[in-house]
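Visitor: Okay, so here is run23.csv, and as you'll see once you scroll down, it has CSV, C-alpha atoms.
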chain,number,residue,atom,x,y,z
A,1,GLY,CA,4.6,5.6,2.6
A,2,ALA,CA,4.1,9.3,2.9
A,3,LEU,CA,2.7,10.9,-0.3
A,4,VAL,CA,2.8,7.6,-2.1
A,5,ASP,CA,-0.2,6.5,-4.2
A,6,PRO,CA,-1.5,3.3,-2.5
A,7,LEU,CA,-1.6,1.7,-6.0
A,8,ALA,CA,2.2,1.9,-6.0
A,9,TYR,CA,2.1,-1.1,-3.7
A,10,ALA,CA,-0.2,-3.2,-5.9
A,11,THR,CA,2.6,-5.2,-7.6
A,12,ILE,CA,4.5,-6.2,-4.5
A,13,ALA,CA,1.2,-6.9,-2.6
A,14,ALA,CA,0.1,-9.2,-5.5
A,15,LYS,CA,3.4,-11.1,-5.3
A,16,LEU,CA,2.8,-11.7,-1.6
A,17,SER,CA,-0.8,-12.7,-2.4
A,18,ASP,CA,0.5,-15.2,-5.0
A,19,GLU,CA,2.3,-17.0,-2.2
A,20,GLY,CA,-0.8,-17.4,-0.1
A,21,ILE,CA,-0.6,-14.2,2.0
A,22,LEU,CA,-3.9,-12.3,2.3
A,23,VAL,CA,-2.9,-8.6,1.8
A,24,ALA,CA,-4.9,-5.5,2.5
A,25,VAL,CA,-3.3,-2.2,1.4
A,26,MET,CA,-4.7,0.8,3.3
A,27,ASN,CA,-6.1,3.6,1.3
A,28,THR,CA,-4.8,6.9,2.7
A,29,GLU,CA,-6.3,9.2,0.1
A,30,PRO,CA,-6.4,12.1,-0.3
A,31,GLN,CA,-3.6,13.1,2.1
A,32,ARG,CA,-1.5,10.0,1.5
A,33,LEU,CA,-0.2,10.3,5.0
A,34,PRO,CA,-0.2,7.2,7.2
A,35,THR,CA,-1.0,8.7,10.6
A,36,GLU,CA,-3.6,8.4,13.3
A,37,LYS,CA,-4.9,11.9,12.4
A,38,THR,CA,-5.6,10.9,8.8
A,39,GLY,CA,-7.4,7.8,9.8
A,40,ALA,CA,-4.6,5.2,9.4
A,41,GLY,CA,-4.6,4.2,13.1
A,42,LYS,CA,-5.8,1.3,15.1
A,43,VAL,CA,-9.5,1.9,14.5
A,44,LYS,CA,-9.0,1.7,10.7
A,45,VAL,CA,-6.8,-1.5,11.1
A,46,LEU,CA,-9.5,-3.1,13.2
A,47,THR,CA,-12.2,-2.2,10.7
A,48,ILE,CA,-10.2,-3.8,7.9
A,49,MET,CA,-9.7,-7.0,10.0
A,50,TYR,CA,-13.4,-7.2,10.9
A,51,ASP,CA,-14.4,-6.7,7.3
A,52,ILE,CA,-12.1,-9.5,6.2
A,53,ILE,CA,-13.5,-11.8,8.9
A,54,ALA,CA,-17.0,-10.9,7.9
A,55,GLY,CA,-16.3,-11.5,4.2
A,56,MET,CA,-14.9,-15.0,5.1
A,57,SER,CA,-17.8,-16.0,7.3
A,58,ASP,CA,-20.6,-15.1,4.9
A,59,GLY,CA,-18.7,-16.3,1.8
A,60,THR,CA,-18.9,-13.1,-0.1
A,61,ASN,CA,-15.2,-12.4,-0.3
A,62,PHE,CA,-11.8,-14.1,-0.2
A,63,GLY,CA,-13.0,-17.5,-1.3
A,64,LEU,CA,-11.9,-20.2,1.1
A,65,ALA,CA,-9.2,-18.1,2.8
A,66,THR,CA,-8.6,-18.3,6.5
A,67,VAL,CA,-6.4,-16.2,8.7
A,68,LYS,CA,-4.1,-18.0,11.2
A,69,GLN,CA,-2.5,-14.9,12.5
A,70,TRP,CA,-2.5,-11.2,11.8
A,71,ALA,CA,0.5,-9.0,10.9
A,72,VAL,CA,0.8,-5.3,10.2
A,73,GLY,CA,3.4,-3.6,8.2
A,74,GLY,CA,4.4,-0.5,6.2
A,75,HIS,CA,6.9,1.3,4.1
A,76,SER,CA,8.9,4.3,5.3
A,77,MET,CA,6.5,6.5,7.3
A,78,GLY,CA,4.0,3.7,7.1
A,79,ALA,CA,6.4,1.4,8.8
A,80,PHE,CA,6.5,3.7,11.8
A,81,GLN,CA,2.7,3.9,11.8
A,82,ALA,CA,2.6,0.1,11.8
A,83,PHE,CA,4.9,0.1,14.8
A,84,GLU,CA,2.5,2.4,16.6
A,85,VAL,CA,-0.6,0.4,15.7
A,86,ILE,CA,0.9,-2.9,16.9
A,87,GLY,CA,1.8,-1.3,20.1
A,88,ASP,CA,-1.9,-0.7,20.6
A,89,LEU,CA,-3.2,-4.0,19.2
A,90,LYS,CA,-0.8,-6.7,20.5
A,91,PRO,CA,-1.3,-9.5,21.2
A,92,GLY,CA,-4.1,-9.6,18.6
A,93,ILE,CA,-1.5,-8.7,16.0
A,94,SER,CA,1.7,-10.7,16.5
A,95,LYS,CA,4.0,-9.8,13.7
A,96,LEU,CA,5.4,-6.4,12.5
A,97,VAL,CA,7.0,-5.8,9.0
A,98,MET,CA,8.9,-2.6,8.4
A,99,TRP,CA,10.3,-1.8,5.0
A,100,GLY,CA,12.6,1.1,4.3
A,101,ILE,CA,12.6,2.8,7.6
A,102,GLY,CA,13.8,6.4,8.1
A,103,LYS,CA,14.5,8.7,11.1
A,104,PRO,CA,13.7,7.0,14.4
A,105,ASP,CA,12.4,10.3,15.9
A,106,GLU,CA,9.2,9.5,13.8
A,107,LEU,CA,8.5,6.6,16.1
A,108,ALA,CA,5.8,7.1,18.7
A,109,THR,CA,7.7,7.9,21.8
A,110,GLU,CA,5.2,6.3,24.1
A,111,VAL,CA,5.4,2.9,22.3
A,112,ASN,CA,8.2,0.5,23.2
A,113,LEU,CA,8.1,-3.1,22.0
A,114,HIS,CA,11.5,-4.1,23.6
A,115,ASP,CA,9.9,-6.7,25.9
A,116,ALA,CA,6.8,-7.4,23.8
A,117,THR,CA,5.8,-10.8,22.6
A,118,VAL,CA,5.9,-9.6,19.0
A,119,ASP,CA,8.1,-10.7,16.1
A,120,ALA,CA,9.5,-7.9,13.9
A,121,LEU,CA,11.1,-7.9,10.5
A,122,VAL,CA,13.1,-4.8,9.3
A,123,ILE,CA,14.2,-4.6,5.7
A,124,VAL,CA,16.3,-1.8,4.2
A,125,GLY,CA,18.3,-1.3,1.0
A,126,SER,CA,22.1,-0.7,0.9
A,127,GLU,CA,21.4,2.3,-1.3
A,128,ASP,CA,18.5,3.6,0.8
A,129,VAL,CA,19.6,7.1,1.8
A,130,PHE,CA,16.9,7.4,4.4
A,131,TYR,CA,18.4,4.6,6.4
A,132,GLN,CA,22.1,4.8,5.4
A,133,GLN,CA,22.3,8.5,6.5
A,134,LEU,CA,21.3,7.5,10.1
A,135,SER,CA,24.0,7.8,12.7
A,136,GLU,CA,24.9,4.8,14.9
A,137,GLU,CA,23.1,6.6,17.7
A,138,ASP,CA,20.0,6.9,15.7
A,139,ARG,CA,20.1,3.3,14.7
A,140,ASN,CA,20.6,2.1,18.2
A,141,ALA,CA,17.7,4.3,19.3
A,142,PHE,CA,15.5,2.7,16.7
A,143,PHE,CA,16.4,-0.9,17.5
A,144,SER,CA,16.2,-0.3,21.2
A,145,LYS,CA,12.4,0.0,20.8
A,146,LEU,CA,12.0,-3.2,18.8
A,147,PRO,CA,11.6,-6.7,20.4
A,148,LYS,CA,14.9,-7.5,22.1
A,149,THR,CA,15.3,-11.1,20.9
A,150,ARG,CA,12.6,-11.3,18.2
A,151,THR,CA,13.7,-8.8,15.6
A,152,THR,CA,15.1,-9.9,12.2
A,153,PHE,CA,17.1,-7.3,10.2
A,154,LEU,CA,17.9,-7.7,6.5
A,155,GLU,CA,19.8,-5.3,4.2
A,156,ILE,CA,19.2,-5.9,0.5
A,157,GLU,CA,22.4,-5.3,-1.4
A,158,GLY,CA,21.7,-2.8,-4.2
A,159,GLY,CA,18.2,-1.9,-3.1
A,160,ASN,CA,17.0,1.6,-2.4
A,161,HIS,CA,14.1,3.4,-0.7
A,162,SER,CA,11.6,3.6,-3.5
A,163,GLY,CA,12.3,0.1,-4.6
A,164,PHE,CA,9.7,-1.3,-2.1
A,165,ALA,CA,7.0,0.0,-4.4
A,166,HIS,CA,6.4,1.2,-8.0
A,167,TYR,CA,7.0,5.0,-7.9
A,168,GLY,CA,9.8,7.4,-8.1
A,169,PRO,CA,12.4,8.5,-8.5
A,170,GLN,CA,12.3,9.6,-4.8
A,171,THR,CA,13.5,13.2,-4.4
A,172,PHE,CA,11.7,14.4,-1.3
A,173,PRO,CA,12.5,14.9,1.6
A,174,LEU,CA,15.8,13.3,0.5
A,175,LYS,CA,17.1,12.3,-2.8
A,176,ASP,CA,17.1,8.5,-2.8
A,177,GLY,CA,20.2,6.5,-3.8
A,178,GLU,CA,20.5,4.7,-7.1
A,179,ARG,CA,19.5,1.0,-7.2
A,180,SER,CA,22.3,-1.3,-8.5
A,181,ILE,CA,19.7,-4.1,-9.0
A,182,THR,CA,16.5,-4.0,-10.9
A,183,LEU,CA,13.2,-3.1,-9.3
A,184,ASP,CA,11.9,-6.7,-9.8
A,185,GLU,CA,15.0,-8.1,-8.2
A,186,GLN,CA,14.7,-5.9,-5.1
A,187,GLN,CA,11.0,-6.7,-4.7
A,188,ASP,CA,11.5,-10.4,-5.3
A,189,ASP,CA,14.1,-10.3,-2.4
A,190,VAL,CA,11.7,-8.3,-0.2
A,191,VAL,CA,8.8,-10.7,-0.9
A,192,ALA,CA,10.9,-13.8,-0.3
A,193,ALA,CA,12.2,-12.5,3.1
A,194,THR,CA,8.7,-11.3,4.1
A,195,ILE,CA,7.0,-14.6,3.3
A,196,THR,CA,9.7,-16.5,5.2
A,197,PHE,CA,9.1,-14.3,8.2
A,198,LEU,CA,5.3,-14.4,8.0
A,199,VAL,CA,4.8,-18.1,7.5
A,200,GLY,CA,7.5,-19.1,10.0
A,201,GLU,CA,9.7,-21.0,7.7
A,202,ASP,CA,13.5,-21.4,8.3
A,203,GLY,CA,14.9,-17.9,8.7
A,204,SER,CA,18.5,-18.9,8.9
A,205,LYS,CA,19.4,-16.8,5.8
A,206,LEU,CA,18.1,-13.7,7.5
A,207,LYS,CA,20.4,-11.7,9.7
A,208,LYS,CA,19.3,-11.4,13.3
A,209,GLN,CA,19.7,-7.9,14.9
Just give me the structure of the file as C-alpha coordinates.
Guide:
Amino acid sequence: GALVDPLAYATIAAKLSDEGILVAVMNTEPQRLPTEKTGAGKVKVLTIMYDIIAGMSDGTNFGLATVKQWAVGGHSMGAFQAFEVIGDLKPGISKLVMWGIGKPDELATEVNLHDATVDALVIVGSEDVFYQQLSEEDRNAFFSKLPKTRTTFLEIEGGNHSGFAHYGPQTFPLKDGERSITLDEQQDDVVAATITFLVGEDGSKLKKQ
(Lines of atoms letter the chains of each structure in order from A and count residues from 1; the text may use other names and numbers.)
(Lines give C-alpha, C1' and ligand atoms only; values in the text may rest on other atoms or scores of the structure.)
Protein backbone atom coordinates (compact mmCIF):
# COMPACT_ATOMS: atom_id res chain seq x y z
CA GLY A 1 0.00 0.00 0.00
CA ALA A 2 1.04 3.61 -0.54
CA LEU A 3 3.32 4.96 2.21
CA VAL A 4 3.08 1.69 4.15
CA ASP A 5 6.21 0.03 5.52
CA PRO A 6 6.58 -3.33 3.69
CA LEU A 7 7.22 -4.96 7.09
CA ALA A 8 3.62 -4.13 8.02
CA TYR A 9 2.62 -7.08 5.82
CA ALA A 10 4.99 -9.54 7.51
CA THR A 11 2.38 -11.06 9.82
CA ILE A 12 -0.31 -11.66 7.23
CA ALA A 13 2.31 -12.90 4.75
CA ALA A 14 3.57 -15.35 7.38
CA LYS A 15 0.04 -16.63 7.96
CA LEU A 16 -0.28 -17.34 4.23
CA SER A 17 3.14 -18.99 4.25
CA ASP A 18 2.13 -21.21 7.15
CA GLU A 19 -0.58 -22.64 4.89
CA GLY A 20 1.86 -23.52 2.12
CA ILE A 21 1.74 -20.35 0.03
CA LEU A 22 5.16 -19.03 -1.03
CA VAL A 23 4.92 -15.27 -0.45
CA ALA A 24 7.27 -12.49 -1.61
CA VAL A 25 6.51 -8.98 -0.31
CA MET A 26 7.96 -6.33 -2.61
CA ASN A 27 10.26 -3.76 -1.04
CA THR A 28 9.19 -0.30 -2.24
CA GLU A 29 11.60 1.72 -0.10
CA PRO A 30 12.33 4.55 0.15
CA GLN A 31 9.29 6.05 -1.57
CA ARG A 32 6.85 3.36 -0.40
CA LEU A 33 4.82 3.91 -3.56
CA PRO A 34 3.89 0.78 -5.56
CA THR A 35 4.12 2.20 -9.08
CA GLU A 36 5.96 1.46 -12.31
CA LYS A 37 8.03 4.63 -11.89
CA THR A 38 9.28 3.60 -8.46
CA GLY A 39 10.31 0.15 -9.69
CA ALA A 40 7.26 -1.85 -8.65
CA GLY A 41 6.26 -2.81 -12.19
CA LYS A 42 6.43 -5.92 -14.31
CA VAL A 43 10.24 -5.94 -14.55
CA LYS A 44 10.55 -6.12 -10.76
CA VAL A 45 7.87 -8.81 -10.55
CA LEU A 46 9.62 -10.90 -13.20
CA THR A 47 12.95 -10.45 -11.39
CA ILE A 48 11.41 -11.77 -8.17
CA MET A 49 9.89 -14.74 -10.01
CA TYR A 50 13.20 -15.60 -11.68
CA ASP A 51 15.09 -15.27 -8.37
CA ILE A 52 12.62 -17.66 -6.72
CA ILE A 53 12.98 -20.20 -9.55
CA ALA A 54 16.78 -19.91 -9.41
CA GLY A 55 16.76 -20.42 -5.65
CA MET A 56 14.68 -23.56 -6.07
CA SER A 57 16.77 -25.03 -8.85
CA ASP A 58 20.14 -24.65 -7.11
CA GLY A 59 18.82 -25.60 -3.68
CA THR A 60 20.02 -22.42 -1.98
CA ASN A 61 16.57 -21.13 -0.99
CA PHE A 62 13.01 -22.21 -0.31
CA GLY A 63 13.85 -25.82 0.61
CA LEU A 64 11.77 -28.27 -1.41
CA ALA A 65 9.19 -25.67 -2.46
CA THR A 66 7.69 -25.78 -5.92
CA VAL A 67 5.47 -23.28 -7.72
CA LYS A 68 2.45 -24.67 -9.56
CA GLN A 69 1.08 -21.29 -10.55
CA TRP A 70 1.87 -17.63 -10.04
CA ALA A 71 -0.40 -15.00 -8.52
CA VAL A 72 0.12 -11.29 -7.94
CA GLY A 73 -1.68 -9.15 -5.42
CA GLY A 74 -1.63 -6.00 -3.39
CA HIS A 75 -3.33 -3.80 -0.85
CA SER A 76 -4.92 -0.44 -1.63
CA MET A 77 -2.71 1.33 -4.20
CA GLY A 78 -0.70 -1.88 -4.42
CA ALA A 79 -3.84 -3.72 -5.52
CA PHE A 80 -4.20 -1.40 -8.49
CA GLN A 81 -0.53 -1.86 -9.36
CA ALA A 82 -1.03 -5.64 -9.23
CA PHE A 83 -3.94 -5.20 -11.64
CA GLU A 84 -1.66 -3.35 -14.05
CA VAL A 85 1.14 -5.91 -13.72
CA ILE A 86 -1.11 -8.90 -14.44
CA GLY A 87 -2.40 -7.08 -17.50
CA ASP A 88 1.18 -7.15 -18.83
CA LEU A 89 2.15 -10.64 -17.64
CA LYS A 90 -0.92 -12.83 -18.26
CA PRO A 91 -1.12 -15.74 -18.95
CA GLY A 92 2.14 -16.32 -17.04
CA ILE A 93 0.40 -15.01 -13.93
CA SER A 94 -3.10 -16.41 -13.71
CA LYS A 95 -4.53 -15.10 -10.43
CA LEU A 96 -5.04 -11.59 -9.06
CA VAL A 97 -5.65 -10.72 -5.40
CA MET A 98 -6.84 -7.23 -4.49
CA TRP A 99 -7.23 -6.24 -0.83
CA GLY A 100 -8.80 -2.95 0.29
CA ILE A 101 -9.27 -1.26 -3.06
CA GLY A 102 -9.89 2.48 -3.36
CA LYS A 103 -10.93 4.84 -6.14
CA PRO A 104 -11.17 3.11 -9.55
CA ASP A 105 -9.61 6.09 -11.35
CA GLU A 106 -6.30 4.80 -10.00
CA LEU A 107 -6.64 1.79 -12.30
CA ALA A 108 -4.52 1.85 -15.45
CA THR A 109 -6.90 3.05 -18.12
CA GLU A 110 -5.22 0.98 -20.83
CA VAL A 111 -5.61 -2.30 -18.95
CA ASN A 112 -8.88 -4.21 -19.10
CA LEU A 113 -9.22 -7.78 -17.84
CA HIS A 114 -12.93 -8.11 -18.63
CA ASP A 115 -12.42 -10.97 -21.10
CA ALA A 116 -9.08 -12.20 -19.77
CA THR A 117 -8.40 -15.78 -18.67
CA VAL A 118 -7.54 -14.60 -15.19
CA ASP A 119 -9.17 -15.32 -11.83
CA ALA A 120 -9.57 -12.35 -9.49
CA LEU A 121 -10.33 -12.03 -5.80
CA VAL A 122 -11.40 -8.68 -4.32
CA ILE A 123 -11.68 -8.35 -0.52
CA VAL A 124 -12.88 -5.22 1.25
CA GLY A 125 -13.99 -4.39 4.78
CA SER A 126 -17.46 -3.17 5.70
CA GLU A 127 -15.81 -0.30 7.64
CA ASP A 128 -13.26 0.51 4.93
CA VAL A 129 -13.99 4.14 4.09
CA PHE A 130 -11.88 3.95 0.93
CA TYR A 131 -14.30 1.45 -0.60
CA GLN A 132 -17.53 2.35 1.14
CA GLN A 133 -17.38 5.99 -0.01
CA LEU A 134 -17.38 4.91 -3.66
CA SER A 135 -20.52 5.64 -5.63
CA GLU A 136 -22.39 2.89 -7.44
CA GLU A 137 -21.02 4.34 -10.67
CA ASP A 138 -17.45 4.10 -9.37
CA ARG A 139 -17.98 0.51 -8.24
CA ASN A 140 -19.47 -0.47 -11.60
CA ALA A 141 -16.53 1.17 -13.37
CA PHE A 142 -14.12 -0.83 -11.22
CA PHE A 143 -15.80 -4.22 -11.68
CA SER A 144 -16.26 -3.63 -15.43
CA LYS A 145 -12.48 -3.96 -15.80
CA LEU A 146 -12.26 -7.23 -13.88
CA PRO A 147 -12.79 -10.70 -15.41
CA LYS A 148 -16.46 -10.96 -16.31
CA THR A 149 -17.21 -14.42 -14.93
CA ARG A 150 -14.03 -15.12 -12.95
CA THR A 151 -14.15 -12.49 -10.19
CA THR A 152 -14.90 -13.29 -6.55
CA PHE A 153 -15.92 -10.47 -4.21
CA LEU A 154 -15.88 -10.71 -0.42
CA GLU A 155 -16.79 -8.07 2.15
CA ILE A 156 -15.53 -8.75 5.67
CA GLU A 157 -18.07 -7.60 8.22
CA GLY A 158 -16.37 -5.29 10.70
CA GLY A 159 -13.10 -5.01 8.78
CA ASN A 160 -11.44 -1.75 7.73
CA HIS A 161 -8.74 -0.52 5.34
CA SER A 162 -5.68 -0.73 7.56
CA GLY A 163 -6.74 -4.14 8.86
CA PHE A 164 -5.02 -5.87 5.94
CA ALA A 165 -1.65 -5.10 7.54
CA HIS A 166 -0.09 -4.02 10.85
CA TYR A 167 -0.06 -0.23 10.76
CA GLY A 168 -2.36 2.65 11.52
CA PRO A 169 -4.55 4.21 12.42
CA GLN A 170 -5.02 5.29 8.81
CA THR A 171 -5.72 9.03 8.55
CA PHE A 172 -4.44 9.94 5.06
CA PRO A 173 -5.74 10.59 2.47
CA LEU A 174 -8.97 9.59 4.24
CA LYS A 175 -9.69 8.75 7.86
CA ASP A 176 -10.32 5.03 7.98
CA GLY A 177 -13.40 3.53 9.62
CA GLU A 178 -13.22 1.80 13.01
CA ARG A 179 -12.95 -1.99 13.03
CA SER A 180 -15.67 -3.77 14.99
CA ILE A 181 -13.60 -6.98 14.96
CA THR A 182 -10.02 -7.50 16.09
CA LEU A 183 -7.08 -7.15 13.75
CA ASP A 184 -6.37 -10.87 14.09
CA GLU A 185 -9.97 -11.73 13.24
CA GLN A 186 -9.90 -9.61 10.11
CA GLN A 187 -6.59 -11.01 8.96
CA ASP A 188 -7.61 -14.58 9.69
CA ASP A 189 -10.68 -14.06 7.48
CA VAL A 190 -8.53 -12.49 4.76
CA VAL A 191 -6.02 -15.33 4.89
CA ALA A 192 -8.71 -18.04 4.81
CA ALA A 193 -10.44 -16.50 1.80
CA THR A 194 -7.17 -15.87 -0.02
CA ILE A 195 -5.95 -19.43 0.50
CA THR A 196 -9.28 -20.84 -0.69
CA PHE A 197 -8.96 -18.72 -3.80
CA LEU A 198 -5.30 -19.47 -4.51
CA VAL A 199 -5.34 -23.23 -4.02
CA GLY A 200 -8.65 -23.69 -5.82
CA GLU A 201 -10.62 -25.27 -3.01
CA ASP A 202 -14.39 -24.94 -2.71
CA GLY A 203 -15.23 -21.24 -2.94
CA SER A 204 -18.92 -21.63 -2.30
CA LYS A 205 -18.74 -19.48 0.83
CA LEU A 206 -17.37 -16.57 -1.18
CA LYS A 207 -19.75 -14.17 -2.88
CA LYS A 208 -19.37 -14.06 -6.65
CA GLN A 209 -19.52 -10.59 -8.20
Visitor: Out of A:Asp184, A:Glu127, A:Asp138, A:Asp51, which residue has the shortest atom-to-atom distance to His166 (chain A) when counting all atoms listed in the file?
Guide: A:Asp184
Visitor: What is the CA of Gly73 (chain A)-CA of Ser180 (chain A) distance in Å, reported with one decimal?
Guide: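 Going from CA of Gly73 (chain A) over to CA of Ser180 (chain A), I get 25.3 Å.
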Visitor: Smallest atom-to-atom distance to His161 (chain A): which of A:Ile86, A:Val129, A:Ala24, A:Val45, using all atoms listed in the file?
Guide: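 Of A:Ile86, A:Val129, A:Ala24, A:Val45, the one nearest His161 (chain A) is A:Val129, counting all atoms listed in the file.
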Visitor: Measuring atom to atom with all atoms listed in the file, identify which of A:Lys42, A:Gln133, A:Val23, A:Phe153 is nearest to Ile93 (chain A).
Guide: A:Lys42
Visitor: For Ile156 (chain A), work out the shell of residues within 9 Å, counting all atoms listed in the file and skipping chain neighbours fewer than 6 positions away, then give it as a list in words.
Guide: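 The neighbour list is Ile123, Val124, Gly125, Ser126, Glu127, Gln186, Asp189 and Val190 of chain A.
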Visitor: Rank nothing, just name the residue among A:Leu183, A:Ala116, A:Ala82, A:Ala165 nearest to Ile12 (chain A), using only C-alpha atoms.
Guide: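 The shortest atom-to-atom distance to Ile12 (chain A) comes from A:Ala165.
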Visitor: Restricting the calculation to all atoms listed in the file: of A:Asn140, A:Ser17, A:Ser162, A:Ser94, which residue gets closest to Val4 (chain A)?
Guide: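 Among A:Asn140, A:Ser17, A:Ser162, A:Ser94, it is A:Ser162 that comes nearest to Val4 (chain A).
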Visitor: Could you list, as a PDB file with C-alpha atoms, in the frame of the given file, every residue within 12 Å of Thr194 (chain A), counting all atoms listed in the file and ignoring same-chain residues fewer than 2 positions away?
Guide:
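Contents of the output file result_25.pdb:
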ATOM      1  CA  ILE A  12       4.500  -6.200  -4.500  1.00  0.00           C
ATOM      2  CA  ALA A  13       1.200  -6.900  -2.600  1.00  0.00           C
ATOM      3  CA  LYS A  15       3.400 -11.100  -5.300  1.00  0.00           C
ATOM      4  CA  LEU A  16       2.800 -11.700  -1.600  1.00  0.00           C
ATOM      5  CA  SER A  17      -0.800 -12.700  -2.400  1.00  0.00           C
ATOM      6  CA  GLU A  19       2.300 -17.000  -2.200  1.00  0.00           C
ATOM      7  CA  ILE A  21      -0.600 -14.200   2.000  1.00  0.00           C
ATOM      8  CA  ALA A  71       0.500  -9.000  10.900  1.00  0.00           C
ATOM      9  CA  VAL A  72       0.800  -5.300  10.200  1.00  0.00           C
ATOM     10  CA  GLY A  73       3.400  -3.600   8.200  1.00  0.00           C
ATOM     11  CA  GLY A  74       4.400  -0.500   6.200  1.00  0.00           C
ATOM     12  CA  LYS A  95       4.000  -9.800  13.700  1.00  0.00           C
ATOM     13  CA  LEU A  96       5.400  -6.400  12.500  1.00  0.00           C
ATOM     14  CA  VAL A  97       7.000  -5.800   9.000  1.00  0.00           C
ATOM     15  CA  MET A  98       8.900  -2.600   8.400  1.00  0.00           C
ATOM     16  CA  TRP A  99      10.300  -1.800   5.000  1.00  0.00           C
ATOM     17  CA  ALA A 120       9.500  -7.900  13.900  1.00  0.00           C
ATOM     18  CA  LEU A 121      11.100  -7.900  10.500  1.00  0.00           C
ATOM     19  CA  VAL A 122      13.100  -4.800   9.300  1.00  0.00           C
ATOM     20  CA  ILE A 123      14.200  -4.600   5.700  1.00  0.00           C
ATOM     21  CA  THR A 152      15.100  -9.900  12.200  1.00  0.00           C
ATOM     22  CA  PHE A 153      17.100  -7.300  10.200  1.00  0.00           C
ATOM     23  CA  LEU A 154      17.900  -7.700   6.500  1.00  0.00           C
ATOM     24  CA  PHE A 164       9.700  -1.300  -2.100  1.00  0.00           C
ATOM     25  CA  GLN A 187      11.000  -6.700  -4.700  1.00  0.00           C
ATOM     26  CA  ASP A 188      11.500 -10.400  -5.300  1.00  0.00           C
ATOM     27  CA  ASP A 189      14.100 -10.300  -2.400  1.00  0.00           C
ATOM     28  CA  VAL A 190      11.700  -8.300  -0.200  1.00  0.00           C
ATOM     29  CA  VAL A 191       8.800 -10.700  -0.900  1.00  0.00           C
ATOM     30  CA  ALA A 192      10.900 -13.800  -0.300  1.00  0.00           C
ATOM     31  CA  THR A 196       9.700 -16.500   5.200  1.00  0.00           C
ATOM     32  CA  PHE A 197       9.100 -14.300   8.200  1.00  0.00           C
ATOM     33  CA  LEU A 198       5.300 -14.400   8.000  1.00  0.00           C
ATOM     34  CA  VAL A 199       4.800 -18.100   7.500  1.00  0.00           C
ATOM     35  CA  GLY A 200       7.500 -19.100  10.000  1.00  0.00           C
ATOM     36  CA  GLU A 201       9.700 -21.000   7.700  1.00  0.00           C
ATOM     37  CA  ASP A 202      13.500 -21.400   8.300  1.00  0.00           C
ATOM     38  CA  GLY A 203      14.900 -17.900   8.700  1.00  0.00           C
ATOM     39  CA  LEU A 206      18.100 -13.700   7.500  1.00  0.00           C
TER      40      LEU A 206
END
